[in-house]
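To keep things clear, I will list the structure first and then write my remarks on it.
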Amino acid sequence: MSLLLVRHGQASHGAADYDVLSERGWEQSRRLGEWLARGGHHFRYVVVGGMRRHRETAVAVGEAFAARGEPLPEMVEDPGFAEFDHRAVFDTWLARNADDPVAIASRSGEPRAVAAMLRAALLAWAHDELPGLPERWSEFGERVHAAGERLQALAGSDEALVLSSGGVISRLAQIALDVPKARAVDLNLSLRNSALSEFHPHEGRLRIGSWNALPHLHGERALWTYY
């Protein structure tokens, strides 16, 4: 049994509606579909977390399979694989830390400065330092863990493809590796758009087979994106 979890293609960062794929996100996802189809993957189930960016990624992947006369099965939507409310987390942290040097530096939009802000906000969320959010860190983890168990039961001995988000996939990795909160945050920030991570069930829990791979974008660094 192989469970392939994919972070969605690049969404529309900075746009009024983040939850749609950018042109680059569509291209990343189509290339992923072509690579999977050429590789002879036969998915019994395709699961999406319910966000539009998840569904659009699945549609783009499915185009390649349809072109080969092997259409993907109908999507199964599981809200357990939906991303946490990232805007609530980051906006709350910024509002509470407006004078923090990390917050001030992030306003430049420089990638490293933004990444530092994201890490600070995620760590604050992980340590319950951001009250009033729609979902606590622990609640998000419990939701993702339950979704992972449902996925194992659904897929059985078959291959399944899951289109989700970085927060979800990194929490599954945290569970599989049994690592602390800070490492889960680092795993989250490391995930690239359309990246593949492979999980396998073993002795009642998921184990990682591969992480954050971009075989479909080999030699195409211009298509490697993190947000």
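Ordering of the structure tokens sets the chain letters (A, B, ...); residue numbers start at 1 within each chain; ligands are numbered from 1 in the order shown.
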If we count only C-alpha atoms, what is near A:Lys181 at a cut-off of 9 Å, once residues fewer than 4 positions away on the same chain are taken out, given as number ranges by chain? A: 123, 126-127, 174, 185-186
Write out as a list of chain:residue names the residues lying within 6 Å of stretch 61-66 of chain A, counting only C-alpha atoms and excluding same-chain residues fewer than 5 positions away.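 Close residues of stretch 61-66 of chain A: A:Ser29, A:Arg30, A:Gly33, A:Glu34, A:Ala37, A:Pro71, A:Leu72.
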I need the chosen residues saved as an mmCIF file, in the first residue's frame, with N, CA and C atoms.
data_model
loop_
_atom_site.group_PDB
_atom_site.id
_atom_site.type_symbol
_atom_site.label_atom_id
_atom_site.label_comp_id
_atom_site.auth_asym_id
_atom_site.auth_seq_id
_atom_site.Cartn_x
_atom_site.Cartn_y
_atom_site.Cartn_z
ATOM 1 N N SER A 29 1.198 21.389 -11.447
ATOM 2 C CA SER A 29 0.276 20.277 -11.248
ATOM 3 C C SER A 29 0.120 19.434 -12.504
ATOM 4 N N ARG A 30 0.072 20.072 -13.663
ATOM 5 C CA ARG A 30 -0.001 19.304 -14.922
ATOM 6 C C ARG A 30 1.253 18.450 -15.097
ATOM 7 N N GLY A 33 1.037 15.449 -12.942
ATOM 8 C CA GLY A 33 0.144 14.454 -13.514
ATOM 9 C C GLY A 33 0.820 13.666 -14.628
ATOM 10 N N GLU A 34 1.556 14.358 -15.472
ATOM 11 C CA GLU A 34 2.247 13.684 -16.577
ATOM 12 C C GLU A 34 3.280 12.705 -16.047
ATOM 13 N N ALA A 37 1.425 9.675 -14.495
ATOM 14 C CA ALA A 37 0.805 8.837 -15.522
ATOM 15 C C ALA A 37 1.859 8.024 -16.263
ATOM 16 N N PRO A 71 -8.622 7.598 -16.929
ATOM 17 C CA PRO A 71 -9.048 8.682 -16.032
ATOM 18 C C PRO A 71 -8.950 8.297 -14.567
ATOM 19 N N LEU A 72 -8.659 9.279 -13.743
ATOM 20 C CA LEU A 72 -8.599 9.053 -12.306
ATOM 21 C C LEU A 72 -9.999 8.797 -11.762
#
Selection near A:Asp85, 10 Å with only C-alpha atoms, sequence-local residues under 5 positions removed, as number ranges by chain: A: 90, 133-135, 140, 167
Please produce an output containing C-alpha atoms for each residue in the selection, written as a PDB file, in the first residue's frame.
ATOM      1  CA  PHE A  90      -0.326  34.887  10.689  1.00  0.00           C
ATOM      2  CA  LEU A 133      -7.986  31.249  16.707  1.00  0.00           C
ATOM      3  CA  PRO A 134     -10.559  29.052  14.955  1.00  0.00           C
ATOM      4  CA  GLU A 135      -8.460  25.956  15.722  1.00  0.00           C
ATOM      5  CA  PHE A 140      -5.529  20.606  14.202  1.00  0.00           C
ATOM      6  CA  GLY A 167       0.341  22.052   7.296  1.00  0.00           C
TER       7      GLY A 167
END
Contacts of A:Arg107 within 10 Å, only C-alpha atoms, excl. fewer than 6 positions in-chain, as a PyMOL selection string: chain A and resi 113-114+117
The selected residues should be written to file as a PDB file, in the first residue's frame (atoms: C-alpha atoms).
ATOM      1  CA  ALA A 113      12.183  37.744   6.125  1.00  0.00           C
ATOM      2  CA  VAL A 114       8.718  36.402   5.324  1.00  0.00           C
ATOM      3  CA  MET A 117       7.799  35.608  10.276  1.00  0.00           C
TER       4      MET A 117
END
Straight-line distance linking atom CA of A:His41 with atom CA of A:Tyr227, stated in Å to one decimal: 27.2 Å
Name the residues of stretch 6-222 of chain A that fall into strand (DSSP E or B) according to DSSP on the backbone, using the chain letters and numbers of this document, as number ranges by chain. A: 6-7, 11, 21, 45-48, 75-77, 160-164, 196-202, 205-213
Written selection (C-alpha atoms) as a PDB file, in the first residue's frame:
ATOM      1  CA  VAL A   6       0.852  16.073  -2.581  1.00  0.00           C
ATOM      2  CA  ARG A   7       0.975  19.674  -1.514  1.00  0.00           C
ATOM      3  CA  ALA A  11      -1.834  29.267  -4.958  1.00  0.00           C
ATOM      4  CA  LEU A  21      -3.989  28.104  -8.413  1.00  0.00           C
ATOM      5  CA  TYR A  45      -8.728   6.614  -4.592  1.00  0.00           C
ATOM      6  CA  VAL A  46      -8.112  10.325  -5.024  1.00  0.00           C
ATOM      7  CA  VAL A  47      -8.745  12.319  -1.844  1.00  0.00           C
ATOM      8  CA  VAL A  48      -8.877  16.116  -1.565  1.00  0.00           C
ATOM      9  CA  MET A  75     -12.485  12.702  -5.985  1.00  0.00           C
ATOM     10  CA  VAL A  76     -13.346  11.872  -2.392  1.00  0.00           C
ATOM     11  CA  GLU A  77     -13.523  14.991  -0.220  1.00  0.00           C
ATOM     12  CA  ALA A 160      -4.175   6.400  -2.976  1.00  0.00           C
ATOM     13  CA  LEU A 161      -3.421   9.977  -4.018  1.00  0.00           C
ATOM     14  CA  VAL A 162      -4.141  12.802  -1.582  1.00  0.00           C
ATOM     15  CA  LEU A 163      -4.107  16.484  -2.607  1.00  0.00           C
ATOM     16  CA  SER A 164      -3.758  18.612   0.499  1.00  0.00           C
ATOM     17  CA  LEU A 196       5.300  14.456  -3.423  1.00  0.00           C
ATOM     18  CA  SER A 197       5.633  12.753  -0.059  1.00  0.00           C
ATOM     19  CA  GLU A 198       5.130   9.010   0.251  1.00  0.00           C
ATOM     20  CA  PHE A 199       3.721   7.294   3.327  1.00  0.00           C
ATOM     21  CA  HIS A 200       3.240   3.615   4.128  1.00  0.00           C
ATOM     22  CA  PRO A 201       1.312   2.032   6.998  1.00  0.00           C
ATOM     23  CA  HIS A 202       3.434  -0.133   9.271  1.00  0.00           C
ATOM     24  CA  ARG A 205       0.873   3.827  12.019  1.00  0.00           C
ATOM     25  CA  LEU A 206       2.054   5.715   8.982  1.00  0.00           C
ATOM     26  CA  ARG A 207       5.750   5.768   8.105  1.00  0.00           C
ATOM     27  CA  ILE A 208       7.512   8.071   5.662  1.00  0.00           C
ATOM     28  CA  GLY A 209       8.881   6.596   2.443  1.00  0.00           C
ATOM     29  CA  SER A 210       9.947   9.862   0.804  1.00  0.00           C
ATOM     30  CA  TRP A 211       9.588  13.571   1.478  1.00  0.00           C
ATOM     31  CA  ASN A 212       9.143  16.753  -0.542  1.00  0.00           C
ATOM     32  CA  ALA A 213      10.173  15.315  -3.924  1.00  0.00           C
TER      33      ALA A 213
END
I'd like the neighbourhood of A:Val102 as JSON, numbers by chain, where a residue qualifies if any of its atoms comes within 12 Å (using only C-alpha atoms), though same-chain residues fewer than 4 positions away should be ignored. {"A": [93, 94, 97, 98, 106, 107, 108, 109, 110, 112, 113, 114, 115, 116, 117, 118, 119, 120, 121]}
Write the residues of the preceding selection, restricted to C-alpha atoms, as a PDB file, in the first residue's frame.
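Written output follows (result38.pdb):
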ATOM      1  CA  TRP A  93       0.663  36.952  15.320  1.00  0.00           C
ATOM      2  CA  LEU A  94       1.399  40.124  13.345  1.00  0.00           C
ATOM      3  CA  ASN A  97       3.785  41.517  17.556  1.00  0.00           C
ATOM      4  CA  ALA A  98       3.625  44.584  15.340  1.00  0.00           C
ATOM      5  CA  SER A 106       8.621  40.755   6.908  1.00  0.00           C
ATOM      6  CA  ARG A 107       6.870  43.841   5.542  1.00  0.00           C
ATOM      7  CA  SER A 108       9.628  44.123   2.948  1.00  0.00           C
ATOM      8  CA  GLY A 109       8.322  40.973   1.280  1.00  0.00           C
ATOM      9  CA  GLU A 110      11.854  39.581   1.073  1.00  0.00           C
ATOM     10  CA  ARG A 112      13.819  35.056   4.013  1.00  0.00           C
ATOM     11  CA  ALA A 113      12.183  37.744   6.125  1.00  0.00           C
ATOM     12  CA  VAL A 114       8.718  36.402   5.324  1.00  0.00           C
ATOM     13  CA  ALA A 115       9.853  32.861   6.128  1.00  0.00           C
ATOM     14  CA  ALA A 116      11.158  34.029   9.511  1.00  0.00           C
ATOM     15  CA  MET A 117       7.799  35.608  10.276  1.00  0.00           C
ATOM     16  CA  LEU A 118       5.918  32.463   9.236  1.00  0.00           C
ATOM     17  CA  ARG A 119       8.108  30.336  11.486  1.00  0.00           C
ATOM     18  CA  ALA A 120       7.657  32.668  14.454  1.00  0.00           C
ATOM     19  CA  ALA A 121       3.881  32.687  14.004  1.00  0.00           C
TER      20      ALA A 121
END
When you draw a straight line from atom CA of A:Asp19 to atom CA of A:Leu217, how long is it in Å?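 Rounded to one decimal, the two atoms are 22.4 Å apart.
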Hey, which of A:Pro73, A:Gly80, A:Pro131, A:Gly204 ends up closest to A:Gln152? Count only C-alpha atoms.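 Closest residue, counting only C-alpha atoms: A:Gly204.
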Which residues come within 10 Å of A:Asp158, counting only C-alpha atoms, excluding same-chain residues fewer than 6 positions away, as a list in words?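 The residues that qualify are Met1, Ser2, Leu3, His42, Phe43, Arg44, Tyr45 and Gln152 of chain A.
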Name the residues in contact with A:Val20 at a cut-off of 6 Å, using only C-alpha atoms, excluding same-chain residues fewer than 2 positions from it; report them as a list in words.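 My reading of the contact set: Ala11, Ser12, Tyr18 and Arg53 of chain A.
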Using the selection just defined, write its residues with C-alpha atoms as a JSON list (two decimals), in the first residue's frame.
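See out_30.json below for the written result:
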[["chain", "number", "residue", "atom", "x", "y", "z"],
["A", 11, "ALA", "CA", -1.83, 29.27, -4.96],
["A", 12, "SER", "CA", -2.42, 32.97, -5.58],
["A", 18, "TYR", "CA", -5.60, 33.01, -2.30],
["A", 53, "ARG", "CA", -6.60, 24.77, -4.63]]
State, in Å with one decimal place, the distance from atom CA of A:Gly9 to atom CA of A:Phe84. 16.9 Å
